[in-house]
$ cat start-v2.csv   # CSV, C-alpha atoms
chain,number,residue,atom,x,y,z
A,1,MET,CA,0.0,0.0,0.0
A,2,THR,CA,1.4,3.4,-1.0
A,3,ASP,CA,1.8,6.3,1.3
A,4,ALA,CA,-0.9,8.2,-0.7
A,5,TRP,CA,-3.4,5.4,0.1
A,6,ARG,CA,-2.4,5.4,3.7
A,7,HIS,CA,-2.9,9.1,3.9
A,8,ARG,CA,-6.3,8.9,2.3
A,9,LEU,CA,-7.4,6.1,4.6
A,10,ARG,CA,-6.3,8.1,7.7
A,11,SER,CA,-8.0,11.2,6.4
A,12,ALA,CA,-11.2,9.2,5.7
A,13,GLY,CA,-11.1,7.6,9.1
A,14,ALA,CA,-10.6,11.0,10.8
A,15,THR,CA,-13.5,12.5,8.9
A,16,ALA,CA,-15.7,9.6,9.8
A,17,LEU,CA,-14.9,9.9,13.5
A,18,GLN,CA,-15.5,13.7,13.4
A,19,SER,CA,-18.8,13.2,11.6
A,20,GLY,CA,-19.9,10.6,14.1
A,21,ALA,CA,-19.0,13.0,17.0
A,22,VAL,CA,-21.0,15.8,15.4
A,23,ALA,CA,-23.9,13.5,14.9
A,24,ALA,CA,-23.9,12.4,18.5
A,25,LEU,CA,-23.7,16.0,19.8
A,26,TYR,CA,-26.4,17.0,17.3
A,27,TYR,CA,-28.7,14.3,18.6
A,28,ALA,CA,-28.0,15.1,22.2
A,29,GLY,CA,-28.7,18.8,21.6
A,30,GLY,CA,-31.9,17.9,19.8
A,31,GLU,CA,-33.2,15.8,22.6
A,32,LEU,CA,-32.5,18.7,25.0
A,33,GLY,CA,-34.2,21.1,22.7
A,34,LEU,CA,-37.3,18.9,22.4
A,35,LEU,CA,-37.7,19.1,26.2
A,36,GLN,CA,-38.7,22.7,25.8
A,37,GLN,CA,-41.0,22.4,22.8
A,38,LEU,CA,-43.7,25.0,22.3
A,39,VAL,CA,-45.4,23.9,19.1
A,40,ARG,CA,-46.1,20.3,18.1
A,41,GLY,CA,-43.1,18.0,19.0
A,42,GLN,CA,-40.5,19.5,16.7
A,43,VAL,CA,-40.5,23.2,17.3
A,44,SER,CA,-38.5,24.6,20.2
A,45,PRO,CA,-37.7,28.3,21.2
A,46,LEU,CA,-34.0,27.3,21.4
A,47,TRP,CA,-32.7,24.7,19.0
A,48,PRO,CA,-29.1,23.8,20.1
A,49,PRO,CA,-28.4,21.5,17.2
A,50,THR,CA,-28.1,24.5,14.8
A,51,GLY,CA,-25.4,26.0,16.9
A,52,ILE,CA,-23.6,22.6,17.2
A,53,ALA,CA,-23.8,22.1,13.4
A,54,LEU,CA,-22.5,25.5,12.5
A,55,ALA,CA,-19.7,25.3,15.1
A,56,GLY,CA,-18.7,21.9,13.7
A,57,LEU,CA,-18.6,23.3,10.1
A,58,LEU,CA,-16.5,26.3,11.1
A,59,LEU,CA,-14.0,24.3,13.1
A,60,LEU,CA,-13.8,21.1,11.0
A,61,GLY,CA,-14.9,22.1,7.6
A,62,PRO,CA,-17.8,21.1,5.3
A,63,ARG,CA,-16.7,17.5,5.0
A,64,ILE,CA,-18.6,16.7,8.3
A,65,TRP,CA,-22.0,17.5,6.7
A,66,PRO,CA,-23.0,13.8,6.8
A,67,GLY,CA,-22.8,13.9,10.6
A,68,ILE,CA,-25.2,16.8,10.6
A,69,ALA,CA,-27.6,15.0,8.3
A,70,LEU,CA,-27.4,11.8,10.4
A,71,GLY,CA,-28.0,13.7,13.6
A,72,ALA,CA,-30.9,15.6,12.2
A,73,PHE,CA,-32.4,12.4,10.8
A,74,LEU,CA,-32.2,10.6,14.2
A,75,VAL,CA,-33.6,13.6,16.1
A,76,ASN,CA,-36.6,14.0,13.8
A,77,LEU,CA,-37.3,10.2,13.3
A,78,SER,CA,-39.4,9.7,16.5
A,79,PRO,CA,-41.6,12.8,16.4
A,80,GLY,CA,-41.9,12.8,12.5
A,81,PRO,CA,-45.2,11.8,11.1
A,82,SER,CA,-43.6,9.9,8.2
A,83,LEU,CA,-40.3,8.9,6.8
A,84,THR,CA,-40.7,11.3,3.8
A,85,VAL,CA,-41.3,14.2,6.2
A,86,VAL,CA,-38.3,13.3,8.3
A,87,LEU,CA,-36.1,13.2,5.2
A,88,ALA,CA,-37.3,16.6,4.0
A,89,ILE,CA,-36.8,18.2,7.4
A,90,THR,CA,-33.3,16.6,7.6
A,91,ALA,CA,-32.5,18.1,4.2
A,92,GLY,CA,-33.7,21.5,5.4
A,93,ASN,CA,-31.7,21.4,8.6
A,94,THR,CA,-28.5,20.3,6.8
A,95,LEU,CA,-28.9,22.9,4.0
A,96,GLY,CA,-29.6,25.6,6.5
A,97,SER,CA,-26.3,25.0,8.4
A,98,LEU,CA,-24.3,24.7,5.2
A,99,SER,CA,-25.8,28.0,3.9
A,100,SER,CA,-24.9,29.7,7.1
A,101,TYR,CA,-21.3,28.3,6.9
A,102,ALA,CA,-21.0,29.4,3.2
A,103,LEU,CA,-22.2,32.9,4.0
A,104,LEU,CA,-19.8,33.3,6.9
A,105,ARG,CA,-16.8,32.0,4.9
A,106,LEU,CA,-17.8,34.4,2.1
A,107,VAL,CA,-17.2,37.4,4.3
A,108,GLY,CA,-14.1,36.1,6.0
A,109,PHE,CA,-15.5,35.2,9.3
A,110,ARG,CA,-13.0,34.4,12.1
A,111,THR,CA,-13.8,31.8,14.7
A,112,ARG,CA,-12.0,33.9,17.4
A,113,MET,CA,-14.8,36.5,16.9
A,114,ASN,CA,-12.4,39.3,17.9
A,115,ARG,CA,-13.9,41.8,15.5
A,116,LEU,CA,-17.2,43.6,15.5
A,117,ARG,CA,-17.7,42.5,11.8
A,118,ASP,CA,-17.5,38.8,13.0
A,119,ALA,CA,-20.2,39.3,15.5
A,120,LEU,CA,-22.4,41.1,13.0
A,121,ALA,CA,-21.8,38.4,10.4
A,122,LEU,CA,-22.8,35.7,12.8
A,123,VAL,CA,-26.0,37.5,13.7
A,124,PHE,CA,-27.2,38.6,10.3
A,125,LEU,CA,-25.7,35.9,8.0
A,126,GLY,CA,-25.2,32.8,10.2
A,127,ALA,CA,-28.4,33.1,12.3
A,128,PHE,CA,-31.0,35.3,10.6
A,129,ALA,CA,-30.3,34.6,6.9
A,130,GLY,CA,-29.1,31.0,7.0
A,131,MET,CA,-31.8,29.7,9.2
A,132,LEU,CA,-34.5,30.9,6.8
A,133,ILE,CA,-34.0,27.7,4.8
A,134,SER,CA,-34.4,25.2,7.7
A,135,ALA,CA,-37.5,27.0,9.0
A,136,THR,CA,-39.2,27.3,5.6
A,137,VAL,CA,-38.5,23.7,4.6
A,138,GLY,CA,-39.4,22.3,8.0
A,139,ILE,CA,-42.7,24.1,8.6
A,140,GLY,CA,-43.6,23.8,4.9
A,141,THR,CA,-43.1,20.1,5.0
A,142,LEU,CA,-45.2,19.7,8.2
A,143,HIS,CA,-47.9,21.9,6.7
A,144,LEU,CA,-48.1,19.9,3.5
A,145,ALA,CA,-48.2,16.7,5.4
A,146,GLY,CA,-51.2,17.9,7.4
A,147,ALA,CA,-49.3,17.9,10.7
A,148,LEU,CA,-50.0,21.6,11.4
A,149,PRO,CA,-53.4,23.4,11.4
A,150,MET,CA,-54.2,25.7,8.5
A,151,GLY,CA,-53.9,28.8,10.6
A,152,GLY,CA,-50.7,27.8,12.4
A,153,PHE,CA,-48.2,28.2,9.6
A,154,TRP,CA,-46.7,31.6,10.4
A,155,PRO,CA,-46.7,31.3,14.2
A,156,SER,CA,-45.0,27.9,13.9
A,157,TRP,CA,-42.6,29.2,11.3
A,158,TRP,CA,-41.7,32.1,13.5
A,159,VAL,CA,-40.9,29.8,16.5
A,160,TRP,CA,-38.9,27.4,14.2
A,161,TRP,CA,-36.8,30.3,12.6
A,162,THR,CA,-36.2,32.1,15.9
A,163,GLY,CA,-35.4,28.8,17.6
A,164,ASP,CA,-32.8,27.9,15.0
A,165,ALA,CA,-31.4,31.5,15.0
A,166,MET,CA,-31.1,31.4,18.8
A,167,GLY,CA,-29.3,28.2,18.6
A,168,VAL,CA,-26.7,29.9,16.4
A,169,LEU,CA,-26.5,33.0,18.5
A,170,LEU,CA,-26.3,31.4,21.9
A,171,VAL,CA,-24.7,27.9,21.3
A,172,THR,CA,-22.2,28.6,18.5
A,173,PRO,CA,-20.2,31.3,20.4
A,174,VAL,CA,-19.9,29.1,23.5
A,175,LEU,CA,-18.6,26.2,21.4
A,176,LEU,CA,-16.1,28.4,19.6
A,177,VAL,CA,-14.9,29.8,22.9
A,178,LEU,CA,-14.4,26.2,24.3
A,179,SER,CA,-12.5,25.1,21.2
A,180,SER,CA,-9.9,27.8,21.7
A,181,ALA,CA,-9.9,27.6,25.6
A,182,ARG,CA,-6.5,27.1,27.2
A,183,ARG,CA,-5.5,26.5,30.8
A,184,PRO,CA,-5.0,30.0,32.3
A,185,LYS,CA,-1.5,30.8,33.7
A,186,ASP,CA,-0.4,33.4,36.2
A,187,VAL,CA,-4.0,34.5,36.9
A,188,ALA,CA,-4.4,36.7,40.0
A,189,ALA,CA,-6.6,35.4,42.8
A,190,SER,CA,-8.8,38.5,42.5
A,191,ARG,CA,-9.5,37.5,38.9
A,192,TRP,CA,-10.7,34.0,39.9
A,193,ALA,CA,-12.8,35.5,42.6
A,194,GLU,CA,-14.5,37.9,40.1
A,195,ALA,CA,-15.2,34.9,37.8
A,196,LEU,CA,-16.8,32.9,40.6
A,197,LEU,CA,-18.8,36.0,41.6
A,198,LEU,CA,-20.0,36.3,38.0
A,199,VAL,CA,-21.1,32.6,38.0
A,200,ALA,CA,-23.0,33.1,41.3
A,201,ALA,CA,-24.7,36.3,40.0
A,202,THR,CA,-25.7,34.5,36.8
A,203,ILE,CA,-27.4,31.8,38.8
A,204,ALA,CA,-29.1,34.3,41.1
A,205,VAL,CA,-30.4,36.4,38.1
A,206,GLY,CA,-31.6,33.2,36.5
A,207,VAL,CA,-33.7,32.3,39.5
A,208,LEU,CA,-35.1,35.8,39.6
A,209,GLU,CA,-36.2,35.4,36.0
A,210,ALA,CA,-38.6,32.7,37.0
A,211,SER,CA,-40.0,34.8,40.0
A,212,PRO,CA,-43.4,36.3,39.8
A,213,ALA,CA,-41.9,39.8,39.4
A,214,PRO,CA,-40.9,40.9,35.9
A,215,LEU,CA,-37.2,41.0,36.4
A,216,LEU,CA,-35.9,39.8,33.1
A,217,PHE,CA,-34.1,43.1,32.6
A,218,LEU,CA,-31.6,42.3,35.4
A,219,VAL,CA,-29.7,40.1,32.9
A,220,PHE,CA,-28.4,43.1,30.9
A,221,PRO,CA,-26.2,44.6,33.6
A,222,LEU,CA,-24.8,41.1,34.1
A,223,LEU,CA,-24.0,40.7,30.4
A,224,THR,CA,-22.4,44.2,30.4
A,225,TRP,CA,-20.2,43.2,33.3
A,226,ALA,CA,-19.3,39.9,31.6
A,227,ALA,CA,-18.5,41.5,28.3
A,228,PHE,CA,-16.3,44.2,29.7
A,229,ARG,CA,-14.3,42.1,32.1
A,230,PHE,CA,-14.2,38.7,30.3
A,231,GLN,CA,-15.2,39.5,26.7
A,232,LEU,CA,-16.8,36.6,24.7
A,233,ALA,CA,-15.5,34.0,27.1
A,234,GLY,CA,-17.7,35.4,29.8
A,235,ALA,CA,-20.6,37.0,27.9
A,236,ALA,CA,-21.5,34.0,25.7
A,237,PRO,CA,-22.0,31.5,28.6
A,238,CYS,CA,-24.0,34.1,30.6
A,239,ALA,CA,-26.3,34.8,27.7
A,240,LEU,CA,-26.9,31.1,27.2
A,241,ALA,CA,-27.6,30.6,30.9
A,242,ALA,CA,-30.0,33.5,31.0
A,243,SER,CA,-31.8,32.2,27.9
A,244,ILE,CA,-32.2,28.7,29.4
A,245,PHE,CA,-33.7,30.1,32.6
A,246,ALA,CA,-36.1,32.3,30.5
A,247,ILE,CA,-37.2,29.3,28.4
A,248,TYR,CA,-37.9,27.3,31.5
A,249,ALA,CA,-40.1,30.0,32.8
A,250,ALA,CA,-41.9,30.4,29.5
A,251,THR,CA,-42.6,26.7,29.0
A,252,HIS,CA,-43.8,26.3,32.5
A,253,ARG,CA,-45.9,29.5,32.4
A,254,THR,CA,-44.1,30.9,35.5
A,255,GLY,CA,-42.6,34.3,36.3
A,256,PRO,CA,-43.3,37.0,33.8
A,257,PHE,CA,-44.8,34.5,31.4
A,258,ALA,CA,-47.6,33.4,33.7
A,259,GLY,CA,-51.1,34.0,32.3
A,260,GLN,CA,-49.9,34.8,28.8
A,261,THR,CA,-51.1,33.2,25.6
A,262,LEU,CA,-48.7,31.0,23.6
A,263,LEU,CA,-48.2,33.7,21.0
A,264,THR,CA,-47.5,36.4,23.6
A,265,SER,CA,-45.1,34.2,25.5
A,266,MET,CA,-43.4,33.2,22.3
A,267,VAL,CA,-42.8,36.7,21.1
A,268,SER,CA,-41.7,38.0,24.5
A,269,LEU,CA,-39.3,35.0,25.0
A,270,GLN,CA,-37.7,35.3,21.6
A,271,ALA,CA,-37.4,39.1,21.9
A,272,PHE,CA,-35.6,38.6,25.2
A,273,ASN,CA,-33.3,35.8,23.9
A,274,GLY,CA,-32.4,37.9,20.8
A,275,ALA,CA,-31.7,41.0,22.9
A,276,ALA,CA,-29.5,39.0,25.3
A,277,ALA,CA,-27.6,37.3,22.5
A,278,LEU,CA,-27.0,40.6,20.6
A,279,THR,CA,-25.9,42.4,23.7
A,280,ALA,CA,-23.4,39.7,24.6
A,281,LEU,CA,-22.0,39.3,21.1
A,282,LEU,CA,-21.8,42.9,20.0
A,283,LEU,CA,-20.6,44.4,23.3
A,284,SER,CA,-17.9,41.7,23.8
A,285,ALA,CA,-16.7,42.2,20.2
A,286,VAL,CA,-16.5,46.0,20.7
A,287,VAL,CA,-14.6,45.6,23.9
A,288,THR,CA,-12.2,43.1,22.3
A,289,GLU,CA,-11.5,45.5,19.5
A,290,ARG,CA,-10.8,48.3,21.9
A,291,ASN,CA,-8.4,46.2,23.9
A,292,GLN,CA,-6.6,45.1,20.7
A,293,THR,CA,-6.3,48.8,19.7
A,294,LEU,CA,-4.9,49.7,23.1
A,295,GLU,CA,-2.3,46.9,22.8
A,296,ARG,CA,-1.2,48.1,19.4
A,297,VAL,CA,-0.9,51.7,20.7
A,298,GLU,CA,1.2,50.4,23.6
A,299,ARG,CA,3.5,48.5,21.3
A,300,ALA,CA,3.9,51.5,19.0
A,301,CYS,CA,4.7,53.7,22.0
A,302,GLY,CA,7.3,51.1,23.2
A,303,ARG,CA,9.0,51.1,19.8
A,304,LEU,CA,9.0,54.9,19.8
A,305,ALA,CA,10.5,55.0,23.3
A,306,GLU,CA,13.3,52.7,22.1
A,307,MET,CA,14.0,55.0,19.1
A,308,VAL,CA,14.1,58.0,21.4
A,309,ALA,CA,16.4,56.2,23.8
A,310,ARG,CA,19.0,55.7,21.0
A,311,THR,CA,19.2,59.5,20.6
A,312,ALA,CA,19.0,60.4,24.3
A,313,PRO,CA,21.9,62.5,25.8
A,314,ASP,CA,24.9,60.5,27.2
A,315,THR,CA,27.3,61.4,30.0
A,316,ASP,CA,28.9,64.3,28.2
A,317,GLY,CA,25.6,66.0,27.7
A,318,LEU,CA,25.3,65.6,23.9
A,319,PRO,CA,22.9,63.3,22.0
A,320,THR,CA,24.5,60.2,20.7
A,321,VAL,CA,24.1,61.2,17.0
A,322,ALA,CA,25.3,64.7,17.6
A,323,ARG,CA,28.4,63.5,19.4
A,324,GLU,CA,29.3,61.1,16.6
A,325,ARG,CA,29.0,63.9,14.0
A,326,GLY,CA,31.1,66.2,16.2
A,327,HIS,CA,33.9,63.6,16.3
A,328,GLU,CA,33.9,63.4,12.5
A,329,TYR,CA,34.2,67.2,12.3
A,330,ASP,CA,37.1,67.2,14.8
A,331,ASP,CA,38.9,64.5,12.7
A,332,GLU,CA,38.5,66.6,9.6
A,333,GLY,CA,39.8,69.7,11.3
A,334,GLU,CA,42.9,68.0,12.7
A,335,GLY,CA,43.8,66.9,9.2
A,336,ASP,CA,43.7,70.5,7.8
A,337,GLY,CA,45.8,72.0,10.5
A,338,ASP,CA,45.0,75.4,12.1
A,339,GLY,CA,43.4,76.7,8.9
A,340,GLY,CA,40.7,74.2,9.2
A,341,ARG,CA,39.2,76.0,12.2
A,342,ARG,CA,37.7,79.5,12.5
$ encode --input "start-v2.csv" --output "structure tokens"
Amino acid sequence: MTDAWRHRLRSAGATALQSGAVAALYYAGGELGLLQQLVRGQVSPLWPPTGIALAGLLLLGPRIWPGIALGAFLVNLSPGPSLTVVLAITAGNTLGSLSSYALLRLVGFRTRMNRLRDALALVFLGAFAGMLISATVGIGTLHLAGALPMGGFWPSWWVWWTGDAMGVLLVTPVLLVLSSARRPKDVAASRWAEALLLVAATIAVGVLEASPAPLLFLVFPLLTWAAFRFQLAGAAPCALAASIFAIYAATHRTGPFAGQTLLTSMVSLQAFNGAAALTALLLSAVVTERNQTLERVERACGRLAEMVARTAPDTDGLPTVARERGHEYDDEGEGDGDGGRR
């Protein structure tokens, strides 16, 4: 067997393992999403598999699309009314993720998300635009199959689309952060204490979200704190946690969602999720860009200080460059004798 064949076999084996891992994560995320279903058995206000699929494509490349298709098929197999419907929904979910990936690659998206343009691209291209395909194909298929009532198309479509978009906005950033996470070194104890305080505050605010008082707005100061102090690594998990608590309150009709109709709860919940995700992504990107600009300015100032130090006065009171030119002048004067000086 030649080296080329061995390389191809290793590459195919690695791709198969990666696709299998994506399929397993997709299926697990789908099962979690179906626990919070609002419409029928296949529409959730937060669909984690879309975030998992897009993160897999961004990190591993489009070759793992069979894993996305397999995961989508397994998730929709049990609640699907027929095999044809399941296959159509699977195709829509796969094409939606691939479309989001293609749009992000077209604009030069960076997985580090350290630029404002990356956050804007994920919001408007990866989430809002790409997920139009999965929502339209999924709800259209269920409608044609008679699984949805005649008047429930647009409300169901809205929940499907926003659920897929929220999966991208809330889950994809967390996975991208985890993929680039490294063990911190030389971190001050005060920094660890602040991180633990942020975790405790996130849990406390999440509990308040389900309280009878309408306290959903408390999450935004928390997201601002996380974005300014920890950037995306802190803001993305906080936004995801806040969204999970809000979804729990909405599906159980508790807290600010008590007594509301399905449509009112759906609109309020998705408006909150979208606002939280946008605040976390955009604010953390702006802060990261600001920090990078400050670092570049500091490096430029350091180089400028080195240049100034080279021309700084030495012990005889003359700048280094001026002293060297003076020596050259003295050498020339000595060679000309007394007439060389005036």
$ closest_atom_pairs --input "start-v2.csv" --of "stretch 206-276 of chain A" --to "stretch 19-38 of chain A" --cutoff "10 Å" --atoms "all atoms listed in the file" --output "tab-separated table"
residue	atom	partner	partner_atom	distance
A:Ile244	CA	A:Gln36	CA	9.6
A:Ile247	CA	A:Gln36	CA	7.3
A:Tyr248	CA	A:Gln36	CA	7.4
A:Ala250	CA	A:Gln36	CA	9.1
A:Thr251	CA	A:Gln36	CA	6.4
A:His252	CA	A:Gln36	CA	9.2
A:Leu262	CA	A:Leu38	CA	7.9
A:Leu263	CA	A:Leu38	CA	9.9
A:Ser265	CA	A:Leu38	CA	9.8
A:Met266	CA	A:Leu38	CA	8.2
$ residues_near_point --input "start-v2.csv" --point "(-28.0, 19.2, 7.6)" --cutoff "9 Å" --atoms "only C-alpha atoms" --output "list in words"
Thr50, Ala53, Trp65, Pro66, Gly67, Ile68, Ala69, Leu70, Gly71, Ala72, Phe73, Ile89, Thr90, Ala91, Gly92, Asn93, Thr94, Leu95, Gly96, Ser97, Leu98 and Ser134 of chain A
$ write_last_selection --input "start-v2.csv" --atoms "C-alpha atoms" --output "mmCIF file, keeping the file's coordinate frame"
data_model
loop_
_atom_site.group_PDB
_atom_site.id
_atom_site.type_symbol
_atom_site.label_atom_id
_atom_site.label_comp_id
_atom_site.auth_asym_id
_atom_site.auth_seq_id
_atom_site.Cartn_x
_atom_site.Cartn_y
_atom_site.Cartn_z
ATOM 1 C CA THR A 50 -28.100 24.500 14.800
ATOM 2 C CA ALA A 53 -23.800 22.100 13.400
ATOM 3 C CA TRP A 65 -22.000 17.500 6.700
ATOM 4 C CA PRO A 66 -23.000 13.800 6.800
ATOM 5 C CA GLY A 67 -22.800 13.900 10.600
ATOM 6 C CA ILE A 68 -25.200 16.800 10.600
ATOM 7 C CA ALA A 69 -27.600 15.000 8.300
ATOM 8 C CA LEU A 70 -27.400 11.800 10.400
ATOM 9 C CA GLY A 71 -28.000 13.700 13.600
ATOM 10 C CA ALA A 72 -30.900 15.600 12.200
ATOM 11 C CA PHE A 73 -32.400 12.400 10.800
ATOM 12 C CA ILE A 89 -36.800 18.200 7.400
ATOM 13 C CA THR A 90 -33.300 16.600 7.600
ATOM 14 C CA ALA A 91 -32.500 18.100 4.200
ATOM 15 C CA GLY A 92 -33.700 21.500 5.400
ATOM 16 C CA ASN A 93 -31.700 21.400 8.600
ATOM 17 C CA THR A 94 -28.500 20.300 6.800
ATOM 18 C CA LEU A 95 -28.900 22.900 4.000
ATOM 19 C CA GLY A 96 -29.600 25.600 6.500
ATOM 20 C CA SER A 97 -26.300 25.000 8.400
ATOM 21 C CA LEU A 98 -24.300 24.700 5.200
ATOM 22 C CA SER A 134 -34.400 25.200 7.700
#
$ atom_distance --input "start-v2.csv" --atom1 "atom CA of A:Pro48" --atom2 "atom CA of A:Ser11"
28.1 Å
$ residues_around --input "start-v2.csv" --residues "stretch 214-218 of chain A" --least-positions-apart "3" --cutoff "7 Å" --atoms "all atoms listed in the file" --output "PyMOL selection string"
chain A and resi 205+208-209+221+255-256
$ atom_distance --input "start-v2.csv" --atom1 "atom CA of A:Leu170" --atom2 "atom CA of A:Ala241"
9.1 Å
$ closest_residue --input "start-v2.csv" --among "A:Gln18, A:Thr279, A:Thr254, A:Ser82" --to "A:Ile64" --atoms "all atoms listed in the file"
A:Gln18
$ atom_distance --input "start-v2.csv" --atom1 "atom CA of A:Leu58" --atom2 "atom CA of A:Ala181"
16.0 Å
$ residues_around --input "start-v2.csv" --residues "stretch 187-200 of chain A" --least-positions-apart "4" --cutoff "9 Å" --atoms "only C-alpha atoms" --output "PyMOL selection string"
chain A and resi 204-205+222+225-226+230+234+238
$ closest_residue --input "start-v2.csv" --among "A:Ala239, A:Gly138, A:Ala165, A:Trp160" --to "A:Gly126" --atoms "all atoms listed in the file"
A:Ala165
$ closest_residue --input "start-v2.csv" --among "A:Pro173, A:Ala102, A:Thr136, A:Leu17" --to "A:Pro62" --atoms "all atoms listed in the file"
A:Ala102
$ closest_residue --input "start-v2.csv" --among "A:Thr162, A:Thr172, A:Ser78, A:Thr224" --to "A:Ala55" --atoms "all atoms listed in the file"
A:Thr172
$ residues_around --input "start-v2.csv" --residues "A:Ala276" --least-positions-apart "6" --cutoff "9 Å" --atoms "all atoms listed in the file" --output "short mmCIF file (atom, residue, chain, number, x, y, z; two decimals) with C-alpha atoms, in the frame of the given file"
data_model
loop_
_atom_site.label_atom_id
_atom_site.label_comp_id
_atom_site.auth_asym_id
_atom_site.auth_seq_id
_atom_site.Cartn_x
_atom_site.Cartn_y
_atom_site.Cartn_z
CA LEU A 170 -26.30 31.40 21.90
CA VAL A 219 -29.70 40.10 32.90
CA PHE A 220 -28.40 43.10 30.90
CA LEU A 223 -24.00 40.70 30.40
CA ALA A 239 -26.30 34.80 27.70
CA LEU A 240 -26.90 31.10 27.20
CA ALA A 242 -30.00 33.50 31.00
CA SER A 243 -31.80 32.20 27.90
#
$ build_atoms --input "start-v2.csv" --residues "stretch 282-302 of chain A" --atoms "N, CA and C atoms" --output "short mmCIF file (atom, residue, chain, number, x, y, z; two decimals), in the frame of the given file"
data_model
loop_
_atom_site.label_atom_id
_atom_site.label_comp_id
_atom_site.auth_asym_id
_atom_site.auth_seq_id
_atom_site.Cartn_x
_atom_site.Cartn_y
_atom_site.Cartn_z
N LEU A 282 -22.24 41.59 20.50
CA LEU A 282 -21.80 42.90 20.00
C LEU A 282 -20.93 43.63 20.99
N LEU A 283 -21.36 43.64 22.24
CA LEU A 283 -20.60 44.40 23.30
C LEU A 283 -19.24 43.72 23.50
N SER A 284 -19.19 42.40 23.56
CA SER A 284 -17.90 41.70 23.80
C SER A 284 -16.97 41.95 22.58
N ALA A 285 -17.52 41.98 21.36
CA ALA A 285 -16.70 42.20 20.20
C ALA A 285 -16.13 43.66 20.21
N VAL A 286 -16.94 44.62 20.59
CA VAL A 286 -16.50 46.00 20.70
C VAL A 286 -15.38 46.15 21.72
N VAL A 287 -15.57 45.53 22.88
CA VAL A 287 -14.60 45.60 23.90
C VAL A 287 -13.27 44.93 23.51
N THR A 288 -13.38 43.80 22.82
CA THR A 288 -12.20 43.10 22.30
C THR A 288 -11.42 43.95 21.34
N GLU A 289 -12.13 44.58 20.41
CA GLU A 289 -11.50 45.50 19.50
C GLU A 289 -10.80 46.63 20.16
N ARG A 290 -11.45 47.18 21.15
CA ARG A 290 -10.80 48.30 21.90
C ARG A 290 -9.56 47.84 22.59
N ASN A 291 -9.59 46.67 23.22
CA ASN A 291 -8.40 46.20 23.90
C ASN A 291 -7.27 45.90 22.90
N GLN A 292 -7.60 45.36 21.74
CA GLN A 292 -6.60 45.10 20.70
C GLN A 292 -5.97 46.44 20.24
N THR A 293 -6.80 47.47 20.07
CA THR A 293 -6.30 48.80 19.70
C THR A 293 -5.35 49.35 20.72
N LEU A 294 -5.72 49.23 21.99
CA LEU A 294 -4.90 49.70 23.10
C LEU A 294 -3.53 48.97 23.08
N GLU A 295 -3.56 47.67 22.84
CA GLU A 295 -2.30 46.90 22.80
C GLU A 295 -1.41 47.36 21.66
N ARG A 296 -2.02 47.62 20.48
CA ARG A 296 -1.20 48.10 19.40
C ARG A 296 -0.62 49.47 19.65
N VAL A 297 -1.39 50.33 20.31
CA VAL A 297 -0.90 51.70 20.70
C VAL A 297 0.27 51.53 21.66
N GLU A 298 0.13 50.63 22.63
CA GLU A 298 1.20 50.40 23.60
C GLU A 298 2.47 49.90 22.95
N ARG A 299 2.31 48.96 22.00
CA ARG A 299 3.50 48.50 21.30
C ARG A 299 4.16 49.55 20.47
N ALA A 300 3.35 50.39 19.82
CA ALA A 300 3.90 51.50 19.00
C ALA A 300 4.63 52.48 19.94
N CYS A 301 4.06 52.76 21.10
CA CYS A 301 4.70 53.70 22.00
C CYS A 301 6.03 53.07 22.55
N GLY A 302 6.03 51.74 22.75
CA GLY A 302 7.30 51.10 23.20
C GLY A 302 8.36 51.20 22.14
#
